[in-house]
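**Q** For reference, the structure I am asking about is given below.
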Amino acid sequence: MTVRLQLKIEYSSERVADTVFRALEPDNTGFIDSKMDGCVLSFEITADNAGTLRNAADDLLACVKIAEEASGLSDAVPDLDSDALSE
């Protein structure tokens, strides 16, 4: 069985999204398919089982938080539910 998770995070600006994207890029190579479209970061994780998928997602979200904090962007709260996309 293969399980897949798609995660999108929208930031307040393209500059903020780019800063986080660049910080995560070395960690994600070969493990997570990541893309940037404007101020939205998209991640796709594929795993053999739900436990592995959860661990990968937890690691990704922890890295996102660290990238935001290390970049001085902790005030730039992402729009995790993507409701700003419809506003």
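By order in the structure tokens, chains are A, B, ...; within a chain, residues start at 1; ligands start at 1, following the order shown.
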Skip Thr2 of chain A itself and residues of its chain fewer than 3 positions away, then list as a ChimeraX atom specification all residues within 9 Å of it, counting only C-alpha atoms.
**A** /A:46-50
**Q** Which residues are close to Ile32 of chain A, i.e. within 12 Å by only C-alpha atoms, leaving aside same-chain residues fewer than 4 positions away? Reply as a compact mmCIF listing (two decimals) with C-alpha atoms, in the first residue's frame.
**A**
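Now in part.txt:
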```txt
# COMPACT_ATOMS: atom_id res chain seq x y z
CA ARG A 4 0.31 10.15 -0.06
CA LEU A 5 -0.06 13.53 1.62
CA GLN A 6 -0.27 16.89 -0.10
CA LEU A 7 0.35 19.92 2.08
CA LEU A 24 13.98 23.55 3.36
CA GLU A 25 15.28 22.63 -0.09
CA PRO A 26 18.44 20.70 0.99
CA ASP A 27 16.47 18.58 3.47
CA ASN A 28 13.70 17.72 1.03
CA SER A 42 3.33 22.81 -1.90
CA PHE A 43 4.72 19.55 -0.57
CA GLU A 44 3.88 15.99 -1.55
CA ILE A 45 5.01 13.10 0.62
CA THR A 46 4.65 9.48 -0.49
CA ALA A 47 5.32 6.56 1.84
CA LEU A 53 4.00 9.17 6.23
CA ALA A 56 7.82 12.43 7.40
CA ALA A 57 5.03 15.01 7.80
CA ASP A 59 9.66 16.16 10.35
CA LEU A 60 8.64 18.50 7.53
```
**Q** Tell me, in Å to one decimal, how far atom CA of Met36 of chain A is from atom CA of Thr19 of chain A.
**A** 10.8 Å
**Q** Quick check, in Å to one decimal: how far apart do atom CA of Ser13 of chain A and atom CA of Gly38 of chain A lie?
**A** 7.8 Å
**Q** Between atom CA of Ser34 of chain A and atom CA of Val16 of chain A, what is the distance, to one decimal in Å?
**A**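 Atom-to-atom, atom CA of Ser34 of chain A and atom CA of Val16 of chain A are spaced 15.7 Å apart.
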**Q** Counting only C-alpha atoms, figure out which residue out of A:Lys35, A:Ala62, A:Val40, A:Ala67 gets nearest to Glu10 of chain A.
**A**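 Using only C-alpha atoms, the shortest distance to Glu10 of chain A belongs to A:Val40.
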